[in-house]
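Dropping work.csv in here (CSV, C-alpha atoms):
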chain,number,residue,atom,x,y,z
A,10,MET,CA,0.0,0.0,0.0
A,11,GLN,CA,2.5,2.5,-1.1
A,12,ASN,CA,-0.1,5.2,-1.7
A,13,LEU,CA,-1.4,5.0,1.9
A,14,SER,CA,-2.2,8.5,3.3
A,15,MET,CA,-3.8,7.8,6.6
A,16,LEU,CA,-3.1,4.9,9.1
A,17,SER,CA,-5.6,5.0,12.0
A,18,LEU,CA,-5.5,2.0,14.4
A,19,ARG,CA,-6.3,3.7,17.6
A,20,ARG,CA,-8.1,2.1,20.5
A,21,ASN,CA,-7.5,-1.6,19.8
A,22,GLN,CA,-5.5,-4.3,21.5
A,23,LEU,CA,-2.5,-4.4,19.2
A,24,SER,CA,0.8,-5.4,20.8
A,25,GLY,CA,4.4,-6.1,19.8
A,26,ASP,CA,7.1,-3.9,18.3
A,27,PHE,CA,6.3,-1.0,16.1
A,28,PRO,CA,7.1,-1.6,12.4
A,29,GLN,CA,10.5,-0.3,11.3
A,30,ALA,CA,10.1,0.1,7.6
A,31,TRP,CA,8.5,3.4,6.7
A,32,SER,CA,10.6,4.6,3.8
A,33,LEU,CA,8.1,3.5,1.2
A,34,TRP,CA,5.2,5.6,2.5
A,35,HIS,CA,6.0,9.0,1.0
A,36,ASN,CA,2.4,10.2,1.0
A,37,ILE,CA,1.3,9.3,4.5
A,38,ARG,CA,-0.1,12.3,6.4
A,39,VAL,CA,-1.6,10.7,9.5
A,40,VAL,CA,-0.2,8.0,11.8
A,41,ASP,CA,-2.5,7.3,14.8
A,42,VAL,CA,-1.9,4.2,16.8
A,43,ALA,CA,-2.9,5.6,20.2
A,44,ASP,CA,-4.4,3.5,23.0
A,45,ASN,CA,-2.9,0.1,22.2
A,46,ASN,CA,-0.1,-2.0,23.7
A,47,LEU,CA,2.6,-1.4,21.2
A,48,SER,CA,6.2,-1.3,22.3
A,49,GLY,CA,9.7,-0.6,21.1
A,50,ASN,CA,11.3,2.6,19.8
A,51,ILE,CA,10.1,5.1,17.2
A,52,PRO,CA,11.9,4.0,14.1
A,53,SER,CA,14.3,6.6,12.7
A,54,SER,CA,12.9,5.8,9.2
A,55,MET,CA,9.8,7.8,10.1
A,56,GLY,CA,12.0,10.9,9.5
A,57,VAL,CA,11.6,10.4,5.7
A,58,LEU,CA,7.8,11.1,6.0
A,59,SER,CA,8.0,14.8,4.9
A,60,SER,CA,4.2,14.9,4.4
A,61,LEU,CA,3.4,13.7,7.9
A,62,ILE,CA,1.0,16.1,9.7
A,63,ILE,CA,-0.4,14.1,12.6
A,64,LEU,CA,1.6,11.7,14.8
A,65,LYS,CA,-0.3,10.1,17.7
A,66,MET,CA,1.4,7.3,19.5
A,67,ASN,CA,0.1,8.1,23.0
A,68,ASN,CA,-0.9,5.5,25.7
A,69,ASN,CA,1.3,2.6,24.6
A,70,ASN,CA,4.6,1.2,25.9
A,71,PHE,CA,7.1,2.9,23.6
A,72,GLY,CA,10.5,3.7,25.0
A,73,GLY,CA,13.9,5.1,24.2
A,74,LYS,CA,14.6,8.6,23.0
A,75,ILE,CA,12.6,10.7,20.6
A,76,PRO,CA,14.4,10.1,17.3
A,77,SER,CA,16.1,13.0,15.6
A,78,GLY,CA,14.9,11.8,12.3
A,79,LEU,CA,11.5,13.4,13.0
A,80,LYS,CA,13.0,16.8,12.5
A,81,ASN,CA,12.7,16.2,8.7
A,82,SER,CA,8.9,15.9,9.1
A,83,THR,CA,8.5,19.7,8.8
A,84,SER,CA,4.8,19.6,8.1
A,85,LEU,CA,3.9,18.2,11.5
A,86,CYS,CA,1.0,20.0,13.2
A,87,SER,CA,0.3,17.6,16.1
A,88,ILE,CA,2.6,15.4,18.1
A,89,ASP,CA,1.2,13.3,20.9
A,90,LEU,CA,3.6,10.8,22.6
A,91,GLY,CA,2.1,11.0,26.0
A,92,GLY,CA,1.6,8.0,28.3
A,93,ASN,CA,4.7,6.1,27.3
A,94,LYS,CA,8.2,5.5,28.6
A,95,PHE,CA,10.3,7.9,26.5
A,96,THR,CA,13.5,9.0,28.1
A,97,GLY,CA,16.0,11.8,27.5
A,98,SER,CA,15.2,15.5,27.0
A,99,VAL,CA,12.8,17.3,24.7
A,100,PRO,CA,14.7,17.7,21.4
A,101,TRP,CA,15.6,21.3,20.6
A,102,TRP,CA,14.8,20.8,16.9
A,103,ILE,CA,11.1,20.6,17.7
A,104,GLY,CA,11.1,24.4,18.0
A,105,SER,CA,13.6,25.0,15.3
A,106,ASN,CA,12.3,22.7,12.5
A,107,LEU,CA,8.6,22.0,13.2
A,108,SER,CA,7.3,25.6,12.7
A,109,MET,CA,3.7,24.4,12.0
A,110,LEU,CA,3.2,22.6,15.3
A,111,SER,CA,0.1,23.6,17.2
A,112,THR,CA,-0.1,20.7,19.7
A,113,LEU,CA,2.8,19.2,21.6
A,114,ARG,CA,1.8,16.6,24.2
A,115,LEU,CA,4.6,14.6,25.9
A,116,ARG,CA,3.0,14.1,29.4
A,117,SER,CA,3.4,11.0,31.5
A,118,ASN,CA,6.8,9.9,30.3
A,119,LEU,CA,10.3,9.7,31.8
A,120,LEU,CA,11.7,12.8,30.1
A,121,SER,CA,14.1,15.0,32.0
A,122,GLY,CA,16.4,18.1,31.7
A,123,HIS,CA,15.3,21.7,31.0
A,124,ILE,CA,12.5,22.8,28.8
A,125,PRO,CA,14.3,24.0,25.6
A,126,HIS,CA,14.0,27.7,24.7
A,127,GLN,CA,13.6,26.8,21.0
A,128,LEU,CA,9.9,26.0,21.7
A,129,CYS,CA,9.3,29.8,21.7
A,130,TYR,CA,9.8,29.7,17.9
A,131,LEU,CA,6.5,27.9,17.5
A,132,PRO,CA,3.9,30.6,16.5
A,133,TYR,CA,1.0,28.2,16.2
A,134,LEU,CA,1.5,26.3,19.5
A,135,HIS,CA,-1.5,26.6,21.7
A,136,ILE,CA,-1.5,23.2,23.5
A,137,LEU,CA,1.7,22.5,25.4
A,138,ASP,CA,1.5,19.5,27.8
A,139,LEU,CA,4.8,18.4,29.5
A,140,GLY,CA,3.2,17.3,32.7
A,141,ASP,CA,4.1,14.2,34.8
A,142,ASN,CA,7.8,14.0,33.8
A,143,ASN,CA,11.1,14.8,35.5
A,144,PHE,CA,11.8,18.2,34.1
A,145,SER,CA,14.0,20.5,36.2
A,146,GLY,CA,15.1,24.2,36.1
A,147,THR,CA,12.8,27.2,36.1
A,148,ILE,CA,9.6,28.0,34.2
A,149,PRO,CA,10.9,29.7,31.0
A,150,LYS,CA,10.2,33.3,30.5
A,151,TRP,CA,10.1,32.9,26.8
A,152,LEU,CA,6.5,31.5,27.1
A,153,LYS,CA,5.4,35.0,26.4
A,154,ASN,CA,6.6,34.6,22.8
A,155,LEU,CA,4.1,31.9,22.0
A,156,THR,CA,2.0,34.0,19.6
A,157,ALA,CA,-1.1,31.8,19.6
A,158,LEU,CA,-1.4,32.2,23.3
A,159,THR,CA,-1.1,36.0,23.4
A,160,VAL,CA,-3.9,36.8,20.9
A,161,PHE,CA,-7.6,35.8,21.2
A,162,PRO,CA,-9.1,34.5,19.0
A,163,TYR,CA,-6.2,33.2,17.0
A,164,ASN,CA,-7.5,32.5,13.5
A,165,ASN,CA,-4.4,30.9,11.9
A,166,TYR,CA,-5.4,27.3,13.0
A,167,THR,CA,-3.2,24.7,11.3
A,168,MET,CA,-4.9,21.4,12.1
A,169,PRO,CA,-6.2,19.7,8.9
A,170,THR,CA,-10.0,19.1,8.5
A,171,TYR,CA,-9.9,15.7,6.8
A,172,TYR,CA,-9.0,13.7,10.0
A,173,ASP,CA,-11.0,13.8,13.3
A,174,VAL,CA,-8.0,14.0,15.6
A,175,GLN,CA,-8.6,13.5,19.4
A,176,THR,CA,-6.5,15.1,22.1
A,177,SER,CA,-6.9,14.8,25.9
A,178,VAL,CA,-6.2,17.8,28.1
A,179,VAL,CA,-6.2,17.9,31.9
A,180,SER,CA,-8.6,20.7,32.6
A,181,LYS,CA,-11.0,21.6,35.5
A,182,GLY,CA,-9.5,18.8,37.7
A,183,SER,CA,-10.0,15.9,35.2
A,184,GLU,CA,-8.8,14.6,31.9
A,185,LEU,CA,-11.1,15.8,29.0
A,186,ILE,CA,-11.0,14.6,25.4
A,187,TYR,CA,-11.4,17.2,22.8
A,188,TYR,CA,-12.1,16.5,19.1
A,189,ARG,CA,-10.9,18.5,16.1
A,190,THR,CA,-13.8,20.9,16.0
A,191,ALA,CA,-13.2,21.9,19.6
A,192,LEU,CA,-9.4,21.8,19.7
A,193,GLU,CA,-9.3,25.2,17.9
A,194,TRP,CA,-10.6,26.8,21.1
A,195,VAL,CA,-8.3,25.0,23.6
A,196,TYR,CA,-5.4,27.1,24.9
A,197,SER,CA,-3.5,25.2,27.5
A,198,ILE,CA,-0.1,25.0,29.3
A,199,ASP,CA,0.5,22.0,31.6
A,200,LEU,CA,3.8,21.7,33.4
A,201,SER,CA,2.5,19.9,36.4
A,202,SER,CA,4.1,17.1,38.4
A,203,ASN,CA,7.7,17.9,37.5
A,204,ASN,CA,10.7,19.2,39.5
A,205,LEU,CA,10.5,22.8,38.4
A,206,GLU,CA,11.7,25.4,40.9
A,207,GLY,CA,12.0,29.2,41.2
A,208,GLU,CA,9.3,31.7,40.9
A,209,ILE,CA,6.4,31.9,38.5
A,210,PRO,CA,7.6,34.4,35.9
A,211,GLU,CA,5.6,37.6,35.6
A,212,GLU,CA,5.9,37.2,31.8
A,213,ILE,CA,3.3,34.4,31.9
A,214,THR,CA,0.6,36.9,32.6
A,215,SER,CA,1.0,38.2,29.0
A,216,LEU,CA,-0.6,35.0,27.6
A,217,MET,CA,-4.0,36.7,27.3
A,218,SER,CA,-5.8,33.8,25.5
A,219,LEU,CA,-4.7,31.1,28.0
A,220,GLY,CA,-7.7,29.0,29.2
A,221,THR,CA,-5.9,26.4,31.3
A,222,LEU,CA,-2.7,26.8,33.4
A,223,ASN,CA,-1.5,23.9,35.5
A,224,LEU,CA,1.7,24.3,37.4
A,225,SER,CA,0.8,22.1,40.3
A,226,ARG,CA,3.1,19.6,42.1
A,227,ASN,CA,6.4,21.3,41.5
A,228,GLN,CA,8.9,23.1,43.8
A,229,LEU,CA,7.8,26.6,42.9
A,230,ARG,CA,8.5,29.4,45.4
A,231,GLY,CA,7.8,33.1,45.7
A,232,ARG,CA,4.6,34.9,45.2
A,233,ILE,CA,1.7,34.5,42.7
A,234,PRO,CA,2.2,37.2,40.0
A,235,GLN,CA,0.3,40.4,40.8
A,236,LYS,CA,-0.9,40.7,37.3
A,237,ILE,CA,-2.5,37.3,37.2
A,238,GLY,CA,-5.8,39.0,36.6
A,239,ASN,CA,-4.6,39.9,33.0
A,240,LEU,CA,-5.4,36.3,32.0
A,241,ARG,CA,-9.0,37.3,31.5
A,242,TRP,CA,-10.0,34.1,29.5
A,243,LEU,CA,-8.6,31.7,32.2
A,244,GLU,CA,-11.0,29.0,33.2
A,245,THR,CA,-8.7,26.5,35.0
A,246,LEU,CA,-5.8,27.5,37.4
A,247,ASP,CA,-4.0,24.9,39.4
A,248,LEU,CA,-1.0,26.0,41.5
A,249,SER,CA,-1.4,23.4,44.3
A,250,HIS,CA,1.3,21.5,46.0
A,251,ASN,CA,4.1,24.0,45.7
A,252,HIS,CA,5.9,26.4,48.1
A,253,LEU,CA,4.2,29.6,47.1
A,254,CYS,CA,4.0,32.3,49.7
A,255,GLY,CA,2.5,35.8,50.3
A,256,GLN,CA,-1.0,37.0,49.7
A,257,ILE,CA,-3.4,36.0,46.9
A,258,PRO,CA,-3.4,39.0,44.5
A,259,GLN,CA,-6.5,41.0,44.5
A,260,SER,CA,-6.5,40.9,40.7
A,261,PHE,CA,-7.9,37.3,41.1
A,262,SER,CA,-11.3,39.0,41.3
A,263,SER,CA,-10.8,40.0,37.6
A,264,LEU,CA,-10.9,36.4,36.4
A,265,THR,CA,-14.5,36.3,35.5
A,266,PHE,CA,-14.4,33.1,33.5
A,267,LEU,CA,-12.6,31.1,36.3
A,268,SER,CA,-14.6,27.9,37.0
A,269,TYR,CA,-11.8,25.8,38.6
A,270,VAL,CA,-9.0,26.9,40.9
A,271,ASN,CA,-6.7,25.0,43.3
A,272,LEU,CA,-4.2,26.8,45.5
A,273,SER,CA,-4.0,24.1,48.2
A,274,TYR,CA,-0.9,23.0,50.0
A,275,ASN,CA,1.3,26.1,49.7
A,276,ASN,CA,2.4,28.8,52.2
A,277,LEU,CA,-0.1,31.5,51.2
A,278,THR,CA,-1.2,34.0,53.8
A,279,GLY,CA,-3.8,36.7,54.4
A,280,ARG,CA,-7.4,37.2,53.3
A,281,ILE,CA,-8.9,35.3,50.4
A,282,PRO,CA,-10.1,37.9,47.8
A,283,LEU,CA,-13.8,38.2,47.2
A,284,GLY,CA,-15.7,39.3,44.1
A,285,ASN,CA,-17.1,38.2,40.8
A,286,GLN,CA,-16.4,34.6,39.9
A,287,LEU,CA,-14.5,33.8,43.1
A,288,GLN,CA,-17.7,34.0,45.2
A,289,THR,CA,-19.1,30.9,43.3
A,290,LEU,CA,-16.0,28.8,44.2
A,291,ASP,CA,-17.1,28.0,47.7
A,292,ASP,CA,-15.2,24.7,48.2
A,293,SER,CA,-12.8,25.3,51.1
A,294,SER,CA,-10.6,22.4,50.0
A,295,ILE,CA,-9.2,24.5,47.1
A,296,TYR,CA,-7.4,26.6,49.7
A,297,GLY,CA,-6.6,23.8,52.2
A,298,GLY,CA,-3.1,23.3,53.4
A,299,ASN,CA,-2.5,27.0,53.8
A,300,PRO,CA,-2.8,27.5,57.6
A,301,SER,CA,-2.3,31.3,57.4
A,302,LEU,CA,-5.1,31.9,54.9
A,303,CYS,CA,-8.4,33.3,56.3
A,304,GLY,CA,-11.8,34.5,55.1
A,305,LEU,CA,-14.6,32.8,53.2
A,306,PRO,CA,-15.0,30.0,52.2
A,307,LEU,CA,-12.6,28.9,55.0
A,308,LEU,CA,-13.9,28.8,58.6
A,309,THR,CA,-10.8,30.7,59.8
A,310,LYS,CA,-11.7,34.3,60.3
A,311,CYS,CA,-9.4,37.1,59.5
A,312,LEU,CA,-8.2,39.6,62.2
A,313,GLY,CA,-10.9,42.1,62.7
A,314,ASP,CA,-13.8,40.0,61.4
A,315,ASP,CA,-15.2,39.7,64.9
A,316,THR,CA,-14.9,43.4,65.7
A,317,PRO,CA,-18.3,45.2,65.1
A,318,ASN,CA,-18.1,47.7,62.2
A,319,ARG,CA,-19.5,50.7,64.0
A,320,LEU,CA,-18.3,54.0,65.3
A,321,PRO,CA,-17.6,54.5,69.0
A,322,PHE,CA,-20.5,56.2,70.9
A,323,PRO,CA,-19.5,59.7,71.8
A,324,SER,CA,-20.5,61.0,75.2
A,325,SER,CA,-23.2,63.7,75.2
A,326,GLY,CA,-21.7,65.5,78.2
A,327,ALA,CA,-18.8,65.5,80.6
A,328,GLY,CA,-20.9,64.1,83.5
A,329,GLU,CA,-21.8,60.8,81.7
A,330,ASN,CA,-19.8,57.8,82.7
A,331,LYS,CA,-19.5,54.2,81.5
A,332,ASP,CA,-22.3,52.9,83.7
A,333,GLU,CA,-24.7,55.5,82.3
A,334,GLY,CA,-23.6,54.5,78.7
A,335,ASP,CA,-24.4,50.8,79.4
A,336,GLU,CA,-27.8,51.8,81.0
A,337,GLY,CA,-28.5,54.0,78.0
A,338,MET,CA,-27.9,51.2,75.6
A,339,LEU,CA,-30.3,49.0,77.4
A,340,TRP,CA,-33.1,51.6,77.2
A,341,PHE,CA,-32.1,52.2,73.5
A,342,TYR,CA,-33.0,48.6,72.6
A,343,VAL,CA,-36.1,48.7,74.8
A,344,SER,CA,-37.3,51.8,73.0
A,345,ILE,CA,-36.9,49.9,69.6
A,346,VAL,CA,-39.0,47.0,70.9
A,347,LEU,CA,-41.7,49.4,72.2
A,348,GLY,CA,-41.7,51.1,68.8
A,349,PHE,CA,-43.0,48.0,67.1
A,350,ILE,CA,-45.7,47.4,69.7
A,351,ALA,CA,-47.6,50.6,69.7
A,352,PRO,CA,-47.4,53.4,67.0
A,353,THR,CA,-47.7,56.2,69.5
A,354,VAL,CA,-45.2,54.8,71.9
A,355,GLY,CA,-43.0,53.9,69.0
A,356,PHE,CA,-42.9,57.4,67.6
A,357,TRP,CA,-42.1,59.2,70.8
A,358,GLY,CA,-40.1,56.3,72.3
A,359,VAL,CA,-37.8,56.0,69.3
A,360,CYS,CA,-37.9,59.3,67.4
A,361,GLY,CA,-38.2,61.4,70.5
A,362,THR,CA,-35.4,59.6,72.2
A,363,LEU,CA,-33.1,59.9,69.1
A,364,LEU,CA,-33.7,63.7,69.0
A,365,ILE,CA,-32.5,64.1,72.6
A,366,LYS,CA,-29.7,61.5,72.8
A,367,LYS,CA,-26.9,61.9,70.3
A,368,SER,CA,-25.1,58.7,71.3
A,369,TRP,CA,-28.3,56.7,70.6
A,370,ARG,CA,-28.6,58.3,67.2
A,371,TYR,CA,-25.1,57.0,66.3
A,372,ALA,CA,-26.1,53.5,67.5
A,373,TYR,CA,-29.5,53.5,65.7
A,374,PHE,CA,-28.3,54.4,62.3
A,375,ARG,CA,-25.1,52.3,62.5
A,376,PHE,CA,-27.3,49.3,63.5
A,377,PHE,CA,-29.4,49.6,60.3
A,378,ASP,CA,-26.4,50.3,58.1
A,379,ASN,CA,-24.9,47.0,59.2
A,380,ILE,CA,-28.2,45.2,58.4
A,381,LYS,CA,-28.3,46.8,55.0
A,382,ASP,CA,-24.7,45.7,54.2
A,383,LYS,CA,-25.4,42.1,55.3
A,384,VAL,CA,-28.6,42.0,53.2
A,385,ALA,CA,-26.9,43.4,50.1
A,386,LEU,CA,-24.0,40.9,50.4
A,387,ALA,CA,-26.5,38.0,50.8
A,388,ILE,CA,-28.4,39.1,47.7
A,389,ALA,CA,-25.2,39.5,45.6
A,390,TRP,CA,-24.0,36.1,46.7
A,391,LYS,CA,-27.3,34.4,45.7
A,392,VAL,CA,-27.4,36.2,42.3
A,393,SER,CA,-23.8,35.2,41.4
A,394,ARG,CA,-24.6,31.5,42.3
A,395,LEU,CA,-27.7,31.6,40.1
A,396,GLN,CA,-25.8,33.1,37.2
A,397,ASN,CA,-23.1,30.4,37.5
A,398,LYS,CA,-25.8,27.7,37.3
A,399,PHE,CA,-27.3,29.1,34.1
Here is a file; write its structure as structure tokens.
Amino acid sequence: MQNLSMLSLRRNQLSGDFPQAWSLWHNIRVVDVADNNLSGNIPSSMGVLSSLIILKMNNNNFGGKIPSGLKNSTSLCSIDLGGNKFTGSVPWWIGSNLSMLSTLRLRSNLLSGHIPHQLCYLPYLHILDLGDNNFSGTIPKWLKNLTALTVFPYNNYTMPTYYDVQTSVVSKGSELIYYRTALEWVYSIDLSSNNLEGEIPEEITSLMSLGTLNLSRNQLRGRIPQKIGNLRWLETLDLSHNHLCGQIPQSFSSLTFLSYVNLSYNNLTGRIPLGNQLQTLDDSSIYGGNPSLCGLPLLTKCLGDDTPNRLPFPSSGAGENKDEGDEGMLWFYVSIVLGFIAPTVGFWGVCGTLLIKKSWRYAYFRFFDNIKDKVALAIAWKVSRLQNKF
């Protein structure tokens, strides 16, 4: 079958070594053998497939290093080698030679070393998944040069329409499978479960179109970038199981599309920001493992939460003392009760008393101001939850 253009054998029970002779298939565009039990190495002869566009060998038992011969397949748009036993580092030539690449998925292998800076030369790359490996070093600042992740919507989509490619992405706490028609709208970076260290670079906040950012289970330190709110299309953010410190930036409240967040098991401190979409994320476990965090939805109250939000009662004269103030407060509340029993008594018992006693006037209006604030907050909370459901 020398004129074969597509080989799709995904989701079967095929086993044994992968065929080594590929030099006769000059016209093949798609090789999809995902979800089988195939083993062995990727043959170097696949490098002669200059017309190859989609290479999916994920979820098998392949091993060895990623062959350098693939650098000749300059038409590649999608590479998925996840769920295997590949070793070594990410080849630098992926960024230098495969300029059409839009999806690079290498998660769940035995890859190590640093993330090569040449990946910044991939203008169409919008799905980068290197999670669950042994990568070290810092999160590269060059991520800001990934053009497809800085402009939304990005119209120069390179995936061919003649094959219904499937790609799994860890998003919203679970692994989701996206088909070709939906992949165009998936913008994701997953560097989770590695040995990355250092701080989260501020440059990552320039990826305006990013929808999923997963940096969990690394050795990251420092603070969450203050401009994290610039990622206005972000739906999933997972920074859990690191060593991040400091307060959660107030710009979090600007993430209006955020539907999943996990900041657990860090060293974060201070009050959890409120506002917009964050009010609908009322699961306290997403902030667990941060003993110095406080505020809703945690049960830990922040300093000052138990202090009544009212002005001190000024004395109406030099002769009034503390005992008189306490007795006055007692009669103040009694007058309010009487005011709801009888209209006449209420008018003169409440209004008359407020005219005479300045300290009671402060207490009366502050009392109803506090009630108004609590009612307004409760209404806003309910409305935001209803909007999230619909």
Would you be able to write out as a ChimeraX atom specification which residues have an atom within 10 Å of (-15.0, 20.4, 12.7) in the file's coordinates, counting all atoms listed in the file? /A:169-174,188-193
List as a ChimeraX atom specification the protein and nucleic acid residues near stretch 94-102 of chain A, meaning an atom at most 12 Å away when all atoms listed in the file are counted, but skip any in the same chain fewer than 3 places from it. /A:47-51,66-83,89-91,105-108,110,113-131,138-139,141-145
From A:Ser293, A:Asn223, A:Ser263, A:Asn276, residue lying nearest A:Thr309 [all atoms listed in the file]: A:Ser293
In terms of the shortest atom-to-atom distance over all atoms listed in the file, which of A:Gly140, A:Gly25, A:Gly297, A:Gly56 is closest to A:Ser225?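 Answer, going by the shortest atom-to-atom distance: A:Gly140.
The shortest atom-to-atom distance to A:Trp34, with all atoms listed in the file taken into account, belongs to A:Met15 out of A:Met15, A:Ile281, A:Leu222, A:Cys86.
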Counting all atoms listed in the file, the option among A:Lys65, A:Thr278, A:Pro132, A:Gln22 closest to A:Gln175: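 Closest candidate: A:Lys65.
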Distance of atom CA of A:Tyr196 from atom CA of A:Pro306, expressed in Å to one decimal place: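 Atom-to-atom, atom CA of A:Pro306 and atom CA of A:Tyr196 are spaced 29.1 Å apart.
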May I have the residues within 9 Å of A:Val179 as a PyMOL selection string, using all atoms listed in the file and disregarding those fewer than 2 positions away in the same chain? chain A and resi 138+177+181-186+197+199+221+223
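Coordinates place atom CA of A:Tyr274 at a distance of 9.7 Å from atom CA of A:Ser294.
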